[in-house]
Amino acid sequence: MATLQEAAARRNAAATSTLTRRRPRKPTSWWQPAVAFAVFVGLWYAAAAYYDQQVQLPYLVPYPHLVFAAMIHDTRPDGAPTSFNPDLWASLGRTTVVSLTGLAVAIVIGVLWATVMAQAKGLEKALYPYAVVLQCVPILALVPLIGALFGYDFVSRVIVTVMIALFPMVSNTLFGLQAADHAQRELFALQGASPFTRLLKLQLPAALPSIFVGLRTSAGLSVIGAIVGDQFFQRGNPGLGVLIQVTASRLMGPELYATIIIASLYGIAVFLVFGLIGRLAVGRWFDFS
């Protein structure tokens, strides 16, 4: 009898666990975004038709099909109409390298900085104000100094990217490390665990959701930092920031809009990819949305 009761209890526990793991799936609705996109394109065509009638203003709002053509083909008079736009995609590649490099450096520095501050309240009071200052300092004021110290090419662009993307990693990681359960902290203290053991087995696992939230935010900011740094330091290999300035100065409307759209799509893609990584890493036990 006891064996039958234990087997029934195990079956009930397994069924309860299965029901707990299952999450209700929301029905996929794709037609609302499609309708909104169609309305947006229609309004864009209307605005382009209006500006097309104005003298010397068609470049301000070009037709969407011209922008799409500029994204795919080289539309310059001296370019080959059947080839991919070499300037646009080469600039996207350079911006991608700068943004991902700056993001990697920001992740390492941010996690280490927050880990040091989480060890003692005095360290937090001493170091956290500098993270806030780094977030609030105007980047434009530091451009001459960064250029004079590190040159005007790849390294300076990465430094600007790190400065823009660093603070979310520091603040979110610090919040996660300090959010470990107080009762578990006391249990580790009673067991005589060392600070390194407490950090490795308690604080870091508890901080993973916050770390991935900061990573997703910093990933989006790294794209902005790479483009901003490219606009500040216009020497060396140009990226999307330089291409935006060149097309705007030459009144190349379709090429300008195409560059802005590609930069925006790249930022969205980076944000979504790191959001997906966060869901895969902690989504089974934390509602990472």
# chains A, B, ... in the order shown; residues from 1 in each chain; ligands from 1

call {"tool": "residues_around", "arguments": {"residues": "region 159-165 of chain A", "least_positions_apart": "5", "cutoff": "6 Å", "atoms": "only C-alpha atoms", "output": "VMD selection string"}}
result
chain A and resid 102 106 218 221 to 222 225 to 226 229

call {"tool": "write_last_selection", "arguments": {"atoms": "all heavy atoms", "output": "tab-separated table (two decimals), in the first residue's frame"}}
result
chain	number	residue	atom	x	y	z
A	102	GLY	N	33.50	47.28	-28.76
A	102	GLY	CA	33.19	48.14	-27.62
A	102	GLY	C	32.26	47.48	-26.63
A	102	GLY	O	32.41	47.64	-25.41
A	106	ALA	N	33.00	46.75	-22.73
A	106	ALA	CA	32.07	47.28	-21.73
A	106	ALA	C	31.55	46.17	-20.81
A	106	ALA	O	31.36	46.38	-19.61
A	106	ALA	CB	30.90	47.99	-22.43
A	218	SER	N	23.00	47.54	-23.08
A	218	SER	CA	24.31	47.98	-23.57
A	218	SER	C	24.53	47.59	-25.03
A	218	SER	O	25.22	48.31	-25.76
A	218	SER	CB	25.41	47.37	-22.70
A	218	SER	OG	25.35	47.86	-21.38
A	221	LEU	N	22.98	50.30	-27.02
A	221	LEU	CA	23.75	51.54	-26.90
A	221	LEU	C	25.10	51.44	-27.62
A	221	LEU	O	25.64	52.46	-28.05
A	221	LEU	CB	23.98	51.87	-25.43
A	221	LEU	CG	22.74	52.29	-24.63
A	221	LEU	CD1	23.09	52.50	-23.16
A	221	LEU	CD2	22.14	53.57	-25.21
A	222	SER	N	25.64	50.23	-27.74
A	222	SER	CA	26.93	50.08	-28.43
A	222	SER	C	26.82	50.46	-29.90
A	222	SER	O	27.77	51.01	-30.48
A	222	SER	CB	27.44	48.66	-28.28
A	222	SER	OG	26.61	47.74	-28.99
A	225	GLY	N	26.84	54.17	-29.90
A	225	GLY	CA	28.19	54.64	-29.63
A	225	GLY	C	29.11	54.50	-30.82
A	225	GLY	O	29.94	55.39	-31.09
A	226	ALA	N	28.98	53.40	-31.57
A	226	ALA	CA	29.83	53.22	-32.74
A	226	ALA	C	29.54	54.27	-33.81
A	226	ALA	O	30.46	54.80	-34.45
A	226	ALA	CB	29.64	51.81	-33.30
A	229	GLY	N	30.74	57.73	-32.42
A	229	GLY	CA	32.19	57.82	-32.50
A	229	GLY	C	32.68	57.96	-33.92
A	229	GLY	O	33.67	58.65	-34.19

call {"tool": "residues_around", "arguments": {"residues": "region 184-193 of chain A", "least_positions_apart": "6", "cutoff": "10 Å", "atoms": "only C-alpha atoms", "output": "VMD selection string"}}
result
chain A and resid 199 201 to 203

call {"tool": "write_last_selection", "arguments": {"atoms": "N, CA, C and O atoms", "output": "mmCIF file, in the first residue's frame"}}
result
data_model
loop_
_atom_site.group_PDB
_atom_site.id
_atom_site.type_symbol
_atom_site.label_atom_id
_atom_site.label_comp_id
_atom_site.auth_asym_id
_atom_site.auth_seq_id
_atom_site.Cartn_x
_atom_site.Cartn_y
_atom_site.Cartn_z
ATOM 1 N N LEU A 199 30.410 34.779 -3.718
ATOM 2 C CA LEU A 199 30.226 35.460 -5.002
ATOM 3 C C LEU A 199 29.942 34.460 -6.120
ATOM 4 O O LEU A 199 29.032 34.676 -6.938
ATOM 5 N N LYS A 201 28.896 31.183 -6.019
ATOM 6 C CA LYS A 201 27.792 30.239 -5.902
ATOM 7 C C LYS A 201 26.470 30.880 -5.495
ATOM 8 O O LYS A 201 25.423 30.221 -5.600
ATOM 9 N N LEU A 202 26.498 32.133 -5.044
ATOM 10 C CA LEU A 202 25.260 32.783 -4.622
ATOM 11 C C LEU A 202 24.972 34.048 -5.412
ATOM 12 O O LEU A 202 23.921 34.167 -6.054
ATOM 13 N N GLN A 203 25.900 34.996 -5.384
ATOM 14 C CA GLN A 203 25.616 36.318 -5.946
ATOM 15 C C GLN A 203 25.553 36.302 -7.472
ATOM 16 O O GLN A 203 24.635 36.870 -8.059
#

call {"tool": "closest_residue", "arguments": {"among": "A:Gly122, A:Gly214, A:Gly253, A:Gly236", "to": "Gly275 (chain A)", "atoms": "only C-alpha atoms"}}
result
A:Gly214

call {"tool": "residues_around", "arguments": {"residues": "region 264-271 of chain A", "least_positions_apart": "4", "cutoff": "8 Å", "atoms": "only C-alpha atoms", "output": "list in words"}}
result
Arg216, Thr217, Ala219, Gly220, Val223, Ile224, Ile260 and Gly275 of chain A

call {"tool": "write_last_selection", "arguments": {"atoms": "C-alpha atoms", "output": "PDB file, in the first residue's frame"}}
result
ATOM      1  CA  ARG A 216      20.663  43.819 -23.809  1.00  0.00           C
ATOM      2  CA  THR A 217      20.580  47.545 -23.031  1.00  0.00           C
ATOM      3  CA  ALA A 219      24.085  46.077 -26.863  1.00  0.00           C
ATOM      4  CA  GLY A 220      21.661  48.652 -28.235  1.00  0.00           C
ATOM      5  CA  VAL A 223      25.480  50.585 -31.902  1.00  0.00           C
ATOM      6  CA  ILE A 224      24.698  54.214 -31.068  1.00  0.00           C
ATOM      7  CA  ILE A 260      19.693  55.507 -41.482  1.00  0.00           C
ATOM      8  CA  GLY A 275      17.491  39.469 -25.741  1.00  0.00           C
TER       9      GLY A 275
END

call {"tool": "residues_around", "arguments": {"residues": "Trp113 (chain A)", "least_positions_apart": "4", "cutoff": "12 Å", "atoms": "only C-alpha atoms", "output": "ChimeraX atom specification"}}
result
/A:105-109,117-119,123-124,126-128,130-131,166-174,177

call {"tool": "select_by_dssp", "arguments": {"residues": "region 35-162 of chain A", "states": "helix (DSSP H, G or I)", "output": "PyMOL selection string"}}
result
chain A and resi 35-52+64-72+86-118+121-136+139-150+154-162

call {"tool": "write_last_selection", "arguments": {"atoms": "C-alpha atoms", "output": "mmCIF file, in the first residue's frame"}}
result
data_model
loop_
_atom_site.group_PDB
_atom_site.id
_atom_site.type_symbol
_atom_site.label_atom_id
_atom_site.label_comp_id
_atom_site.auth_asym_id
_atom_site.auth_seq_id
_atom_site.Cartn_x
_atom_site.Cartn_y
_atom_site.Cartn_z
ATOM 1 C CA VAL A 35 -1.496 47.056 -41.583
ATOM 2 C CA ALA A 36 0.453 49.655 -39.596
ATOM 3 C CA PHE A 37 3.433 49.247 -41.950
ATOM 4 C CA ALA A 38 1.197 49.641 -45.011
ATOM 5 C CA VAL A 39 -0.301 52.828 -43.566
ATOM 6 C CA PHE A 40 3.176 54.145 -42.799
ATOM 7 C CA VAL A 41 4.385 53.454 -46.350
ATOM 8 C CA GLY A 42 1.278 55.121 -47.770
ATOM 9 C CA LEU A 43 1.874 58.249 -45.691
ATOM 10 C CA TRP A 44 5.520 58.184 -46.752
ATOM 11 C CA TYR A 45 4.520 58.112 -50.428
ATOM 12 C CA ALA A 46 2.107 60.999 -49.840
ATOM 13 C CA ALA A 47 4.809 63.092 -48.140
ATOM 14 C CA ALA A 48 7.313 62.223 -50.886
ATOM 15 C CA ALA A 49 4.819 63.256 -53.577
ATOM 16 C CA TYR A 50 4.297 66.581 -51.800
ATOM 17 C CA TYR A 51 8.019 67.343 -51.505
ATOM 18 C CA ASP A 52 8.588 66.169 -55.072
ATOM 19 C CA PRO A 64 10.322 54.546 -50.510
ATOM 20 C CA HIS A 65 11.169 52.521 -53.624
ATOM 21 C CA LEU A 66 14.156 54.808 -54.271
ATOM 22 C CA VAL A 67 15.349 54.250 -50.703
ATOM 23 C CA PHE A 68 14.963 50.501 -51.101
ATOM 24 C CA ALA A 69 16.926 50.635 -54.355
ATOM 25 C CA ALA A 70 19.704 52.580 -52.615
ATOM 26 C CA MET A 71 19.864 49.878 -49.909
ATOM 27 C CA ILE A 72 20.367 47.139 -52.494
ATOM 28 C CA PRO A 86 29.677 48.833 -51.732
ATOM 29 C CA ASP A 87 29.895 51.918 -49.542
ATOM 30 C CA LEU A 88 26.808 51.072 -47.475
ATOM 31 C CA TRP A 89 27.618 47.446 -46.722
ATOM 32 C CA ALA A 90 31.326 48.081 -46.158
ATOM 33 C CA SER A 91 30.434 50.853 -43.696
ATOM 34 C CA LEU A 92 27.987 48.517 -41.944
ATOM 35 C CA GLY A 93 30.765 45.960 -41.544
ATOM 36 C CA ARG A 94 33.131 48.485 -39.990
ATOM 37 C CA THR A 95 30.432 49.771 -37.625
ATOM 38 C CA THR A 96 29.626 46.190 -36.624
ATOM 39 C CA VAL A 97 33.249 45.498 -35.691
ATOM 40 C CA VAL A 98 33.501 48.699 -33.640
ATOM 41 C CA SER A 99 30.200 48.172 -31.830
ATOM 42 C CA LEU A 100 30.832 44.522 -30.930
ATOM 43 C CA THR A 101 34.379 45.274 -29.790
ATOM 44 C CA GLY A 102 33.190 48.144 -27.624
ATOM 45 C CA LEU A 103 30.377 45.994 -26.232
ATOM 46 C CA ALA A 104 32.795 43.208 -25.289
ATOM 47 C CA VAL A 105 35.063 45.667 -23.475
ATOM 48 C CA ALA A 106 32.069 47.275 -21.729
ATOM 49 C CA ILE A 107 30.845 43.850 -20.540
ATOM 50 C CA VAL A 108 34.210 42.936 -19.020
ATOM 51 C CA ILE A 109 34.779 46.316 -17.368
ATOM 52 C CA GLY A 110 31.169 46.634 -16.192
ATOM 53 C CA VAL A 111 30.983 43.196 -14.560
ATOM 54 C CA LEU A 112 34.368 43.591 -12.863
ATOM 55 C CA TRP A 113 33.535 47.117 -11.684
ATOM 56 C CA ALA A 114 30.202 46.031 -10.227
ATOM 57 C CA THR A 115 31.736 42.934 -8.623
ATOM 58 C CA VAL A 116 34.299 45.045 -6.799
ATOM 59 C CA MET A 117 31.627 47.471 -5.557
ATOM 60 C CA ALA A 118 29.409 44.606 -4.375
ATOM 61 C CA LYS A 121 29.500 49.275 0.974
ATOM 62 C CA GLY A 122 32.537 51.526 1.237
ATOM 63 C CA LEU A 123 33.782 50.426 -2.174
ATOM 64 C CA GLU A 124 30.377 51.146 -3.666
ATOM 65 C CA LYS A 125 30.313 54.638 -2.167
ATOM 66 C CA ALA A 126 33.824 55.282 -3.457
ATOM 67 C CA LEU A 127 33.438 53.946 -7.014
ATOM 68 C CA TYR A 128 29.782 54.302 -8.029
ATOM 69 C CA PRO A 129 29.859 58.134 -8.366
ATOM 70 C CA TYR A 130 32.506 57.759 -11.061
ATOM 71 C CA ALA A 131 30.217 55.476 -13.033
ATOM 72 C CA VAL A 132 27.535 58.160 -12.850
ATOM 73 C CA VAL A 133 30.025 60.841 -13.912
ATOM 74 C CA LEU A 134 31.103 58.690 -16.869
ATOM 75 C CA GLN A 135 27.468 58.374 -17.914
ATOM 76 C CA CYS A 136 26.762 62.113 -17.610
ATOM 77 C CA ILE A 139 31.256 62.925 -25.062
ATOM 78 C CA LEU A 140 31.781 65.874 -27.397
ATOM 79 C CA ALA A 141 33.886 67.615 -24.733
ATOM 80 C CA LEU A 142 36.253 64.632 -24.584
ATOM 81 C CA VAL A 143 36.658 64.181 -28.346
ATOM 82 C CA PRO A 144 39.789 66.368 -28.691
ATOM 83 C CA LEU A 145 41.415 64.666 -25.692
ATOM 84 C CA ILE A 146 40.590 61.140 -26.882
ATOM 85 C CA GLY A 147 41.781 61.970 -30.397
ATOM 86 C CA ALA A 148 45.040 63.450 -29.136
ATOM 87 C CA LEU A 149 45.768 60.472 -26.872
ATOM 88 C CA PHE A 150 44.600 57.548 -28.993
ATOM 89 C CA PHE A 154 39.549 52.381 -34.550
ATOM 90 C CA VAL A 155 40.703 52.717 -30.938
ATOM 91 C CA SER A 156 39.042 56.091 -30.398
ATOM 92 C CA ARG A 157 35.767 54.819 -31.858
ATOM 93 C CA VAL A 158 35.855 51.845 -29.482
ATOM 94 C CA ILE A 159 36.532 54.116 -26.492
ATOM 95 C CA VAL A 160 33.474 56.245 -27.282
ATOM 96 C CA THR A 161 31.395 53.074 -27.678
ATOM 97 C CA VAL A 162 32.564 51.792 -24.290
#

call {"tool": "residues_around", "arguments": {"residues": "Ile244 (chain A)", "least_positions_apart": "6", "cutoff": "12 Å", "atoms": "only C-alpha atoms", "output": "ChimeraX atom specification"}}
result
/A:87-88,91-92,227-228,230-231,234,238,250-263

call {"tool": "write_last_selection", "arguments": {"atoms": "C-alpha atoms", "output": "tab-separated table (two decimals), in the first residue's frame"}}
result
chain	number	residue	atom	x	y	z
A	87	ASP	CA	29.89	51.92	-49.54
A	88	LEU	CA	26.81	51.07	-47.48
A	91	SER	CA	30.43	50.85	-43.70
A	92	LEU	CA	27.99	48.52	-41.94
A	227	ILE	CA	27.90	55.58	-35.02
A	228	VAL	CA	28.48	58.60	-32.78
A	230	ASP	CA	32.38	57.43	-36.26
A	231	GLN	CA	30.88	60.89	-36.70
A	234	GLN	CA	36.18	60.90	-39.37
A	238	PRO	CA	34.60	55.27	-42.30
A	250	ARG	CA	25.70	65.95	-50.79
A	251	LEU	CA	21.87	66.05	-50.64
A	252	MET	CA	21.69	62.34	-51.53
A	253	GLY	CA	18.23	61.73	-50.07
A	254	PRO	CA	17.67	58.03	-50.93
A	255	GLU	CA	21.20	57.09	-49.86
A	256	LEU	CA	20.82	59.06	-46.60
A	257	TYR	CA	17.53	57.35	-45.72
A	258	ALA	CA	18.94	53.96	-46.71
A	259	THR	CA	21.91	54.43	-44.38
A	260	ILE	CA	19.69	55.51	-41.48
A	261	ILE	CA	17.36	52.53	-42.01
A	262	ILE	CA	20.25	50.06	-42.18
A	263	ALA	CA	21.74	51.52	-38.99
